[in-house]
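Heads up, upload.txt below (compact mmCIF, C-alpha atoms and all ligand atoms):
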```txt
# COMPACT_ATOMS: atom_id res chain seq x y z
CA MET A 29 17.81 13.86 8.77
CA GLN A 30 21.51 13.12 9.28
CA CYS A 31 21.84 12.50 5.59
CA LEU A 32 20.44 15.92 4.77
CA ILE A 33 22.94 17.55 7.06
CA LEU A 34 25.70 15.42 5.63
CA VAL A 35 24.75 16.23 2.07
CA SER A 36 24.43 19.92 2.89
CA VAL A 37 27.84 19.93 4.54
CA ILE A 38 29.47 18.13 1.61
CA PHE A 39 27.73 20.49 -0.73
CA VAL A 40 28.93 23.56 1.15
CA LEU A 41 32.48 22.22 1.50
CA VAL A 42 32.86 21.10 -2.09
CA PHE A 43 30.96 23.71 -3.99
CA ALA A 44 30.43 26.81 -1.89
CA ARG A 45 34.02 28.03 -2.17
CA SER A 46 34.11 27.81 -5.93
CA VAL A 47 30.61 29.24 -6.36
CA PRO A 48 30.46 31.99 -3.74
CA THR A 49 27.54 33.83 -5.33
CA PHE A 50 25.25 30.83 -5.31
CA PRO A 51 21.70 32.07 -4.60
CA SER A 52 20.75 31.01 -1.10
CA PRO A 53 17.42 29.22 -1.77
CA THR A 54 19.14 26.57 -3.91
CA ILE A 55 20.32 24.77 -0.81
CA ASP A 56 16.65 24.41 0.04
CA VAL A 57 15.90 23.04 -3.39
CA LEU A 58 18.15 20.15 -2.50
CA ILE A 59 16.12 19.26 0.53
CA GLY A 60 12.96 19.01 -1.55
CA PRO A 61 13.53 16.66 -4.41
CA ASN A 62 16.12 14.41 -2.83
CA CYS A 63 15.13 11.19 -1.09
CA HIS A 64 12.66 10.59 -3.92
CA MET A 65 10.26 13.09 -2.42
CA CYS A 66 8.69 13.74 -5.80
CA GLU A 67 8.00 10.03 -6.32
CA VAL A 68 6.50 9.75 -2.89
CA ILE A 69 4.17 12.66 -3.55
CA LEU A 70 3.02 11.14 -6.82
CA ASN A 71 2.52 7.73 -5.23
CA ASN A 72 0.40 9.27 -2.50
CA VAL A 73 -1.71 10.94 -5.18
CA ARG A 74 -2.01 7.63 -7.06
CA TYR A 75 -3.12 6.02 -3.86
CA GLU A 76 -5.76 8.70 -3.32
CA TYR A 77 -7.25 8.05 -6.77
CA HIS A 78 -6.76 4.26 -6.65
CA ASN A 79 -4.41 4.81 -9.57
CA ASN A 80 -7.40 5.56 -11.80
CA PHE A 81 -7.14 9.00 -13.37
CA THR A 82 -10.04 8.59 -15.76
CA GLY A 83 -12.30 11.61 -15.33
CA VAL A 84 -9.84 13.45 -13.06
CA THR A 85 -9.41 17.09 -14.06
CA PRO A 86 -6.08 18.98 -13.96
CA ASP A 87 -7.64 21.20 -11.32
CA GLN A 88 -8.48 18.25 -9.05
CA LEU A 89 -4.97 16.93 -9.52
CA ARG A 90 -3.50 20.33 -8.72
CA LYS A 91 -5.40 20.43 -5.42
CA SER A 92 -4.28 16.92 -4.51
CA LEU A 93 -0.70 17.86 -5.31
CA TYR A 94 -1.04 20.97 -3.12
CA ILE A 95 -2.12 18.82 -0.18
CA GLN A 96 0.79 16.41 -0.69
CA CYS A 97 3.27 19.29 -1.10
CA ASP A 98 2.12 20.73 2.23
CA LEU A 99 2.22 17.36 3.96
CA ASN A 100 5.71 16.46 2.81
CA LEU A 101 7.62 19.69 2.32
CA ASN A 102 7.95 23.08 3.83
CA GLY A 103 9.33 26.52 3.14
CA PHE A 104 10.90 27.20 -0.20
CA THR A 105 10.56 23.59 -1.40
CA ASP A 106 6.86 23.62 -0.63
CA GLU A 107 6.49 26.79 -2.70
CA GLU A 108 8.46 25.19 -5.50
CA CYS A 109 6.23 22.13 -5.27
CA HIS A 110 3.13 24.37 -5.52
CA ARG A 111 4.64 26.06 -8.54
CA ILE A 112 5.17 22.71 -10.25
CA ALA A 113 1.55 21.81 -9.44
CA ASP A 114 0.35 25.14 -10.88
CA ASN A 115 2.33 24.89 -14.09
CA ASP A 116 2.45 21.20 -14.84
CA SER A 117 -0.77 19.60 -13.54
CA PRO A 118 -2.23 19.06 -17.05
CA ASP A 119 1.05 17.53 -18.21
CA ILE A 120 1.46 15.35 -15.12
CA LEU A 121 -2.18 14.24 -15.41
CA GLN A 122 -1.62 13.20 -19.01
CA GLN A 123 1.38 11.13 -17.98
CA LEU A 124 -0.49 9.54 -15.06
CA GLN A 125 -3.34 8.65 -17.41
CA ALA A 126 -0.87 7.19 -19.89
CA GLY A 127 0.49 4.94 -17.16
CA THR A 128 3.93 6.56 -17.00
CA SER A 129 5.74 5.53 -13.81
CA SER A 130 6.19 8.04 -10.99
CA TYR A 131 9.90 7.65 -11.42
CA ARG A 132 9.80 8.74 -15.08
CA ILE A 133 7.44 11.63 -14.39
CA CYS A 134 9.67 12.86 -11.58
CA GLN A 135 12.80 12.52 -13.65
CA ARG A 136 11.19 14.75 -16.25
CA GLU A 137 9.85 17.25 -13.75
CA LEU A 138 13.12 17.51 -11.90
CA LEU A 139 15.17 17.78 -15.07
CA LEU A 140 12.88 20.55 -16.24
CA LYS A 141 13.23 22.39 -12.97
CA MET A 142 16.91 21.89 -12.38
CA ARG A 143 18.59 24.29 -14.65
CA PHE A 144 21.85 24.12 -12.77
CA LEU A 145 23.87 21.04 -13.55
CA LEU A 146 25.52 21.54 -10.20
CA ILE A 147 22.28 21.05 -8.37
CA PHE A 148 21.51 18.00 -10.42
CA LEU A 149 24.84 16.42 -9.52
CA SER A 150 24.28 17.17 -5.86
CA PHE A 151 20.83 15.66 -6.22
CA LEU A 152 22.39 12.39 -7.38
CA VAL A 153 24.84 12.47 -4.49
CA ALA A 154 21.96 13.13 -2.13
CA LEU A 155 19.97 10.24 -3.58
CA ALA A 156 22.85 7.89 -2.99
CA TRP A 157 23.16 9.06 0.59
CA CYS A 158 19.55 9.25 1.55
CA GLN A 159 18.01 5.85 2.09
CA ARG A 160 15.10 6.45 4.38
CA ILE A 161 14.67 2.75 4.99
CA PRO A 162 17.88 0.71 5.02
CA LYS A 163 18.41 -0.88 1.64
CA PHE A 164 17.05 -4.39 1.50
CA ASP A 165 18.86 -5.96 -1.40
CA VAL A 166 17.28 -9.21 -2.36
CA SER A 167 16.87 -10.92 -5.72
CA ASN A 168 13.56 -12.02 -7.22
CA ALA A 169 14.66 -15.65 -6.86
CA GLU A 170 15.38 -15.12 -3.16
CA LEU A 171 11.99 -13.49 -2.62
CA LEU A 172 10.27 -16.41 -4.31
CA ALA A 173 12.24 -18.94 -2.27
CA MET A 174 11.52 -17.05 0.94
CA ALA A 175 7.79 -16.91 0.17
CA LYS A 176 7.76 -20.66 -0.43
CA LYS A 177 9.60 -21.22 2.81
CA LEU A 178 7.18 -18.99 4.74
CA ARG A 179 4.35 -21.02 3.26
CA ARG A 180 5.96 -24.31 4.34
CA VAL A 181 6.47 -23.17 7.90
CA ASP A 182 3.01 -21.59 8.24
CA THR A 183 1.74 -24.39 10.45
CA ASN A 184 -1.09 -22.22 11.73
CA ARG A 185 -2.70 -21.93 8.33
CA ALA A 186 -6.03 -23.56 7.62
CA ARG A 187 -5.94 -27.06 6.20
CA PRO A 188 -7.85 -27.37 2.90
CA ASP A 189 -10.74 -29.12 4.67
CA GLN A 190 -11.07 -26.32 7.25
CA VAL A 191 -12.22 -23.63 4.80
CA LYS A 192 -14.89 -24.11 2.16
CA LEU A 193 -15.68 -21.32 -0.26
CA ASN A 194 -18.80 -20.57 -2.24
CA TYR A 195 -17.59 -18.15 -4.89
CA GLN A 196 -20.89 -17.99 -6.84
CA LYS A 197 -20.90 -15.73 -9.92
CA HIS A 198 -18.10 -13.83 -11.57
CA THR A 199 -18.51 -10.07 -11.66
CA VAL A 200 -16.65 -7.02 -12.97
CA THR A 201 -15.67 -3.88 -11.08
CA ARG A 202 -18.08 -1.56 -12.93
CA ASP A 203 -21.08 -3.84 -12.31
CA ASP A 204 -23.01 -2.75 -9.21
CA SER A 205 -25.40 -5.69 -9.01
CA ASP A 206 -25.13 -8.59 -6.57
CA ALA A 207 -23.67 -11.70 -8.21
CA ALA A 208 -23.59 -13.64 -4.96
CA PRO A 209 -26.71 -14.00 -2.82
CA ALA A 210 -24.97 -16.33 -0.35
CA LYS A 211 -21.90 -15.80 1.81
CA LEU A 212 -18.39 -16.42 0.47
CA PHE A 213 -17.32 -18.68 3.32
CA SER A 214 -19.76 -21.58 3.38
CA LYS A 215 -17.80 -23.39 6.07
CA VAL A 216 -14.89 -22.48 8.33
CA ASP A 217 -13.64 -24.67 11.14
CA THR A 218 -13.76 -22.11 13.94
CA SER A 219 -11.34 -24.10 16.10
CA LEU A 220 -8.74 -22.24 13.98
CA PHE A 221 -9.76 -19.02 15.71
CA ARG A 222 -8.68 -20.39 19.08
CA LYS A 223 -5.05 -20.38 17.94
CA PRO A 224 -3.32 -17.52 19.74
CA SER A 225 -2.51 -15.32 16.74
CA TYR A 226 -6.04 -15.60 15.34
CA GLU A 227 -7.51 -14.91 18.75
CA LEU A 228 -5.39 -11.80 19.25
CA TYR A 229 -6.26 -10.53 15.83
CA LEU A 230 -9.98 -11.08 16.32
CA ASN A 231 -9.83 -9.31 19.68
CA LEU A 232 -8.06 -6.39 18.07
CA MET A 233 -10.81 -5.85 15.54
CA ASP A 234 -13.06 -4.21 18.11
CA ASN A 235 -10.45 -1.57 18.82
CA PHE A 236 -10.66 -0.01 15.42
CA ASN A 237 -13.20 2.40 14.16
CA ARG A 238 -13.96 1.96 10.50
CA GLN A 239 -14.24 5.68 9.73
CA THR A 240 -10.77 7.15 9.22
CA GLY A 241 -10.46 10.39 11.10
CA ILE A 242 -11.92 9.05 14.33
CA ILE A 243 -9.25 8.32 16.91
CA GLU A 244 -9.29 4.68 17.95
CA PRO A 245 -9.97 3.83 21.59
CA ARG A 246 -6.87 3.09 23.63
CA VAL A 247 -6.02 -0.55 23.95
CA SER A 248 -4.69 -2.26 27.04
CA GLN A 249 -0.95 -2.42 27.43
CA SER A 250 -0.71 -6.14 26.80
CA GLU A 251 -2.70 -5.79 23.62
CA GLU A 252 -0.63 -2.83 22.62
CA LYS A 253 2.51 -4.92 22.77
CA ASN A 254 1.06 -7.36 20.33
CA GLU A 255 -0.23 -4.69 18.08
CA VAL A 256 2.65 -4.49 15.69
CA GLY A 257 0.86 -2.44 13.14
CA LYS A 258 -0.18 0.45 15.35
CA ALA A 259 3.36 1.66 15.35
CA LEU A 260 3.10 2.10 11.62
CA GLY A 261 0.72 5.01 11.42
CA ARG A 262 -0.91 8.20 12.60
CA PRO A 263 -3.24 7.86 15.57
CA ASP A 264 -6.31 7.50 13.39
CA THR A 265 -5.06 5.19 10.68
CA SER A 266 -2.17 2.86 10.03
CA GLY A 267 -0.81 0.38 7.56
CA PHE A 268 -2.02 -2.34 9.87
CA GLU A 269 -5.52 -0.91 9.98
CA HIS A 270 -5.65 -0.38 6.26
CA VAL A 271 -4.58 -3.91 5.38
CA PHE A 272 -5.94 -6.01 8.25
CA ILE A 273 -9.04 -4.07 9.31
CA GLY A 274 -10.24 -1.84 6.44
CA GLU A 275 -11.34 1.78 6.49
CA ALA A 276 -14.12 3.94 5.13
CA LYS A 277 -12.51 6.69 3.09
CA ASN A 278 -14.14 9.16 0.73
CA GLY A 279 -17.33 7.13 0.54
CA GLU A 280 -15.65 3.87 -0.37
CA ILE A 281 -14.00 1.00 1.43
CA SER A 282 -10.26 1.29 1.40
CA GLY A 283 -8.03 -1.64 2.25
CA MET A 284 -9.28 -4.81 4.04
CA HIS A 285 -7.11 -7.55 2.63
CA ASN A 286 -7.45 -10.43 5.05
CA TRP A 287 -9.63 -13.51 4.94
CA VAL A 288 -10.13 -13.82 8.72
CA ARG A 289 -11.41 -10.25 8.80
CA PHE A 290 -13.63 -10.97 5.80
CA TYR A 291 -15.07 -13.99 7.55
CA ALA A 292 -15.63 -12.08 10.80
CA LEU A 293 -17.41 -9.23 9.01
CA GLU A 294 -19.50 -11.57 6.89
CA ASN A 295 -20.72 -13.34 10.01
CA ASN A 296 -21.49 -10.28 12.10
CA ARG A 297 -24.99 -8.97 11.44
CA THR A 298 -24.25 -5.53 12.91
CA GLU A 299 -21.49 -4.95 10.35
CA ASN A 300 -23.99 -5.04 7.46
CA PHE A 301 -21.45 -6.75 5.21
CA ASP A 302 -22.42 -8.37 1.90
CA TYR A 303 -20.27 -10.39 -0.49
CA LYS A 304 -21.25 -9.59 -4.10
CA GLY A 305 -19.14 -11.85 -6.30
CA PHE A 306 -15.54 -12.39 -7.37
CA THR A 307 -13.55 -10.62 -10.08
CA VAL A 308 -10.62 -13.07 -9.91
CA LYS A 309 -10.23 -16.36 -8.08
CA ARG A 310 -7.42 -18.82 -7.55
CA PHE A 311 -8.89 -21.88 -5.89
CA ASN A 312 -8.51 -21.77 -2.09
CA ILE A 313 -5.43 -19.56 -2.42
CA MET A 314 -6.48 -16.01 -3.19
CA ALA A 315 -9.31 -14.02 -4.69
CA ALA A 316 -10.34 -10.48 -5.58
CA LEU A 317 -13.82 -9.86 -4.25
CA LYS A 318 -16.57 -7.31 -4.50
CA PHE A 319 -18.52 -6.47 -1.38
CA THR A 320 -20.43 -3.77 0.43
CA TRP A 321 -19.83 -2.90 4.05
CA ASP A 322 -22.35 -0.72 5.83
CA GLY A 323 -23.55 0.66 2.51
CA LEU A 324 -20.10 1.40 1.11
CA LEU A 325 -18.77 -0.50 -1.88
CA LYS A 326 -15.45 -2.21 -2.46
CA ARG A 327 -15.17 -3.02 -6.15
CA ALA A 328 -12.27 -5.44 -5.89
CA GLY A 329 -10.63 -6.26 -2.59
CA SER A 330 -8.08 -9.04 -2.78
CA ILE A 331 -7.26 -11.47 0.00
CA LEU A 332 -5.10 -14.51 0.57
CA ILE A 333 -7.24 -17.37 1.82
CA GLY A 334 -6.54 -19.69 4.75
CA THR A 335 -3.19 -18.11 5.60
CA SER A 336 -2.39 -17.33 9.24
CA PRO A 337 -2.27 -13.66 10.32
CA GLU A 338 1.44 -14.02 11.02
CA PHE A 339 2.04 -15.36 7.51
CA ASP A 340 0.34 -12.35 5.90
CA MET A 341 2.27 -10.01 8.13
CA ALA A 342 5.59 -11.68 7.35
CA LEU A 343 5.00 -11.88 3.60
CA TYR A 344 3.70 -8.33 3.32
CA THR A 345 6.50 -6.90 5.43
CA MET A 346 9.10 -8.68 3.33
CA CYS A 347 7.52 -7.38 0.15
CA PHE A 348 7.10 -3.83 1.44
CA LEU A 349 10.73 -3.63 2.52
CA SER A 350 12.09 -5.04 -0.72
CA ARG A 351 9.66 -4.07 -3.52
CA ARG A 352 7.60 -0.95 -2.87
CA GLY A 353 5.97 1.38 -5.33
CA ARG A 354 6.66 0.68 -8.96
CA GLU A 355 8.14 -2.76 -8.28
CA THR A 356 5.92 -5.68 -7.44
CA CYS A 357 6.98 -8.58 -5.30
CA ASP A 358 6.49 -11.73 -7.35
CA VAL A 359 5.84 -14.78 -5.23
CA GLU A 360 3.99 -18.08 -5.41
CA LEU A 361 1.53 -19.84 -3.16
CA ASP A 362 1.07 -23.56 -3.77
CA GLY A 363 2.20 -23.17 -7.37
CA CYS A 364 0.03 -20.13 -8.12
CA PRO A 365 1.96 -16.98 -9.11
CA LEU A 366 0.95 -13.90 -7.14
CA GLN A 367 2.16 -10.33 -7.09
CA ILE A 368 2.23 -8.29 -3.94
CA THR A 369 1.88 -4.56 -4.59
CA SER A 370 2.62 -2.02 -1.90
CA PHE A 371 2.73 1.73 -1.60
CA GLU A 372 4.40 3.91 0.97
CA ILE A 373 3.04 7.14 2.35
CA MET A 374 5.20 9.84 3.86
CA GLN A 375 4.29 11.66 6.99
CA GLN A 376 6.63 14.08 8.71
CA ASN A 377 9.47 12.70 6.64
CA LYS A 378 8.85 9.13 7.75
CA VAL A 379 7.86 6.20 5.61
CA TYR A 380 4.67 4.38 6.47
CA ILE A 381 2.80 1.54 4.85
CA GLY A 382 0.03 2.98 2.69
CA SER A 383 -1.34 -0.22 1.29
CA ILE A 384 -0.33 -3.78 0.50
CA TYR A 385 -2.40 -6.24 -1.44
CA PRO A 386 -2.06 -9.41 -3.52
CA THR A 387 -2.90 -9.67 -7.22
CA ALA A 388 -3.28 -12.95 -9.08
CA GLY A 389 -0.55 -13.73 -11.57
CA ARG A 390 -1.30 -15.75 -14.68
CA ILE A 391 -2.90 -19.11 -14.10
CA THR A 392 -0.42 -21.93 -14.63
CA ASP A 393 -0.68 -25.69 -15.04
CA GLU A 394 1.19 -26.09 -11.79
CA CYS A 395 -1.32 -23.88 -9.98
CA ARG A 396 -4.17 -26.01 -11.39
CA ALA A 397 -2.40 -29.29 -10.62
CA GLN A 398 -1.67 -28.39 -6.99
CA ASN A 399 -5.11 -27.00 -6.24
CA ARG A 400 -7.67 -29.23 -7.81
C1 LIG B 501 -11.91 4.53 -13.31
O1 LIG B 501 -12.76 5.61 -13.03
C2 LIG B 501 -13.83 5.78 -13.95
C3 LIG B 501 -14.55 7.08 -13.61
O2 LIG B 501 -14.59 7.31 -12.24
C4 LIG B 501 -14.73 4.56 -13.90
O3 LIG B 501 -15.78 4.69 -14.83
C5 LIG B 501 -13.92 3.32 -14.25
O4 LIG B 501 -14.70 2.16 -14.12
C6 LIG B 501 -12.71 3.22 -13.33
N1 LIG B 501 -11.84 2.12 -13.77
C7 LIG B 501 -11.43 1.13 -12.96
C8 LIG B 501 -10.55 0.11 -13.58
O5 LIG B 501 -11.76 1.08 -11.78
C1 LIG B 502 -19.81 -7.39 15.66
O1 LIG B 502 -19.38 -6.10 15.31
C2 LIG B 502 -19.49 -5.13 16.35
C3 LIG B 502 -19.03 -3.80 15.79
O2 LIG B 502 -19.75 -3.46 14.66
C4 LIG B 502 -18.67 -5.54 17.54
O3 LIG B 502 -18.83 -4.61 18.58
C5 LIG B 502 -19.07 -6.93 17.99
O4 LIG B 502 -18.20 -7.36 19.01
C6 LIG B 502 -19.01 -7.90 16.83
N1 LIG B 502 -19.50 -9.18 17.24
C7 LIG B 502 -18.76 -10.31 17.17
C8 LIG B 502 -19.45 -11.57 17.60
O5 LIG B 502 -17.63 -10.30 16.79
```
Kindly return the structure encoded in the file as structure tokens.
Amino acid sequence: MQCLILVSVIFVLVFARSVPTFPSPTIDVLIGPNCHMCEVILNNVRYEYHNNFTGVTPDQLRKSLYIQCDLNLNGFTDEECHRIADNDSPDILQQLQAGTSSYRICQRELLLKMRFLLIFLSFLVALAWCQRIPKFDVSNAELLAMAKKLRRVDTNRARPDQVKLNYQKHTVTRDDSDAAPAKLFSKVDTSLFRKPSYELYLNLMDNFNRQTGIIEPRVSQSEEKNEVGKALGRPDTSGFEHVFIGEAKNGEISGMHNWVRFYALENNRTENFDYKGFTVKRFNIMAALKFTWDGLLKRAGSILIGTSPEFDMALYTMCFLSRRGRETCDVELDGCPLQITSFEIMQQNKVYIGSIYPTAGRITDECRAQNR
């Protein structure tokens, strides 16, 4: 907020005198597109459609854009945002389908809209000023080294003999059949779950309601202190919930990217959880899995395997802070390249974690050698 005021003041001081007849709404235009608002809106829309725009109509996209405009902007900028949605939905849809990055689409949209060079210059100034999250400048090599270090110090992780997997058959996302009659985890040494962080996490699970939109029950104060993630979201959903618990959203399972949670669900009859096969696997390191949970399908949910809850939280936080949106965070676990993808969502001008999940990188000889 301070940055907006600052930018507005600079703008008024520098330009207002020389351009006294500047139409008044243009100041508002500055508040809209700066701080990458356009990118954020597009990323939220991507998130809504799981970045799959096959079969999406321009009209559906327009409605989604409307909702995001209203959530993130107000006044004149909101109207402008609606106007862009009205005029350019077919064009934006085409670019989304072609895999054009949000950044490129926004650049185009904003350039189209900004007929005044002056506003464009101010926009650049505003961008430089407005970092909603402090800049976290870190090189790819440093991220990789940090991930390796986190792995080394993760003493609470499962030893290889403590977790045995039964992957069963390979499957693809569009296949709805069950390629895995048995459970994924054939054996887990449950003494792991008596370690404090695992125990806290397992206790937390009962506090969340799977259906987004239902306010979670209050937790006790001591639990609340330990509940890092709750601070990250609206009352009914949060980055923590999305990643570590999982939610039912629009008739599908959204999120759920943790192996301890997977194990707990798989072994709780009342959850009605069924593993249906893997789409990608990397030994005992990570996998993308298909499953149903209480009748709802997850086509490919990826998890790291055997890592401690604190490791996942540390790795994901590091990656979210340094490589959100169009950048992936390229790390390695026991020689296996992995990418961590994360998206932010904006609510009331604040950045929240939308989703974070791992994707397998290419399989390397080192990955094979270390994980026989
Ligand atoms: C994208 O969506 C279409 C239609 O909803 C579906 O047929 C297709 O399998 C999806 N693709 C992926 C990669 O999920
Ligand atoms: C099983 O799940 C239900 C919620 O569906 C929960 O109340 C219960 O505590 C869970 N049981 C165990 C053993 O975790």
Of the listed residues A:Asp182, A:Asp203, A:Asp98, A:Asp393, that which approaches Ala328 of chain A most closely, counting all atoms listed in the file |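 Distance minimum relative to Ala328 of chain A lands on A:Asp203.
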Can I get the residues close to ligand LIG 502 (chain B) as a list in words, where close means within 10 Å and we count only C-alpha atoms and all ligand atoms?
->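 After applying the 10 Å limit, what remains is Leu230, Asn231, Met233, Asp234, Asn235, Phe236, Asn237, Arg238, Ala292, Leu293, Glu294, Asn295, Asn296, Arg297, Thr298, Glu299, Asn300 and Asp322 of chain A.
Here atom C6 of ligand LIG 501 (chain B) stands at a distance of 27.2 Å from atom CA of Gln135 of chain A.
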re atom CA of Gln125 of chain A and atom CA of Lys326 of chain A: distance 22.1 Å
How would you write, as a PyMOL selection string, the set of residues no farther than 12 Å from ligand LIG 501 (chain B) when counting all atoms listed in the file?
-> chain A and resi 77-85+125+200-204+307+326-329
Contacts of Pro365 of chain A at 10 Å or less, counting all atoms listed in the file, minus same-chain residues fewer than 4 places along, as JSON, numbers by chain?
-> {"A": [172, 310, 358, 359, 360, 361, 387, 388, 389, 390, 391, 392, 394, 395]}
Excluding Leu178 of chain A and residues on its chain fewer than 5 positions from it, collect all residues at most 9 Å away from it, counting all atoms listed in the file, and give them as a count of residues only.
-> 4
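The closest residue to Glu227 of chain A, picked from A:Gln96, A:Asn184, A:Thr320, A:Thr369 and counting all atoms listed in the file, is A:Asn184.
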Min atom-atom distance to His270 of chain A from the set A:Ser370, A:Thr218, A:Asn71, A:Gln190, counting all atoms listed in the file, belongs to A:Ser370
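Pairwise distance (atom CA of Asp87 of chain A, atom CA of Arg354 of chain A) equals 25.1 Å.
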So which residues touch Ala397 of chain A within 10 Å, counting all atoms listed in the file, skipping near sequence neighbours fewer than 6 positions away, as a ChimeraX atom specification?
-> /A:362-364
Compare A:Ser282, A:Gln196, A:Ser350, A:Ser117 by their minimum atom-to-atom distance to Phe306 of chain A, counting only C-alpha atoms, and give me the closest one.
-> A:Gln196
For segment 114-132 of chain A, supply N, CA and C atoms and format the output as a short mmCIF file (atom, residue, chain, number, x, y, z; two decimals), keeping the file's coordinate frame.
```
data_model
loop_
_atom_site.label_atom_id
_atom_site.label_comp_id
_atom_site.auth_asym_id
_atom_site.auth_seq_id
_atom_site.Cartn_x
_atom_site.Cartn_y
_atom_site.Cartn_z
N ASP A 114 1.04 24.11 -10.11
CA ASP A 114 0.35 25.14 -10.88
C ASP A 114 0.64 25.01 -12.37
N ASN A 115 1.92 24.84 -12.69
CA ASN A 115 2.33 24.89 -14.09
C ASN A 115 2.11 23.58 -14.82
N ASP A 116 2.33 22.47 -14.12
CA ASP A 116 2.45 21.20 -14.84
C ASP A 116 1.34 20.19 -14.60
N SER A 117 0.30 20.58 -13.83
CA SER A 117 -0.77 19.60 -13.54
C SER A 117 -1.33 18.94 -14.80
N PRO A 118 -1.66 19.71 -15.86
CA PRO A 118 -2.23 19.06 -17.05
C PRO A 118 -1.25 18.04 -17.64
N ASP A 119 0.02 18.42 -17.64
CA ASP A 119 1.05 17.53 -18.21
C ASP A 119 1.23 16.28 -17.35
N ILE A 120 1.29 16.49 -16.03
CA ILE A 120 1.46 15.35 -15.12
C ILE A 120 0.24 14.43 -15.22
N LEU A 121 -0.94 15.03 -15.31
CA LEU A 121 -2.18 14.24 -15.41
C LEU A 121 -2.13 13.35 -16.65
N GLN A 122 -1.70 13.95 -17.75
CA GLN A 122 -1.62 13.20 -19.01
C GLN A 122 -0.69 11.99 -18.84
N GLN A 123 0.43 12.23 -18.16
CA GLN A 123 1.38 11.13 -17.98
C GLN A 123 0.83 10.06 -17.04
N LEU A 124 0.12 10.51 -15.99
CA LEU A 124 -0.49 9.54 -15.06
C LEU A 124 -1.53 8.71 -15.80
N GLN A 125 -2.31 9.37 -16.66
CA GLN A 125 -3.34 8.65 -17.41
C GLN A 125 -2.71 7.68 -18.41
N ALA A 126 -1.54 8.06 -18.92
CA ALA A 126 -0.87 7.19 -19.89
C ALA A 126 -0.12 6.05 -19.22
N GLY A 127 -0.15 6.03 -17.88
CA GLY A 127 0.49 4.94 -17.16
C GLY A 127 2.00 5.10 -16.99
N THR A 128 2.50 6.32 -17.20
CA THR A 128 3.93 6.56 -17.00
C THR A 128 4.25 6.39 -15.51
N SER A 129 5.39 5.78 -15.21
CA SER A 129 5.74 5.53 -13.81
C SER A 129 6.07 6.85 -13.11
N SER A 130 5.88 6.85 -11.78
CA SER A 130 6.19 8.04 -10.99
C SER A 130 7.64 8.43 -11.19
N TYR A 131 8.47 7.41 -11.27
CA TYR A 131 9.90 7.65 -11.42
C TYR A 131 10.19 8.47 -12.68
N ARG A 132 9.59 8.04 -13.81
CA ARG A 132 9.80 8.74 -15.08
C ARG A 132 9.25 10.17 -15.02
#
```
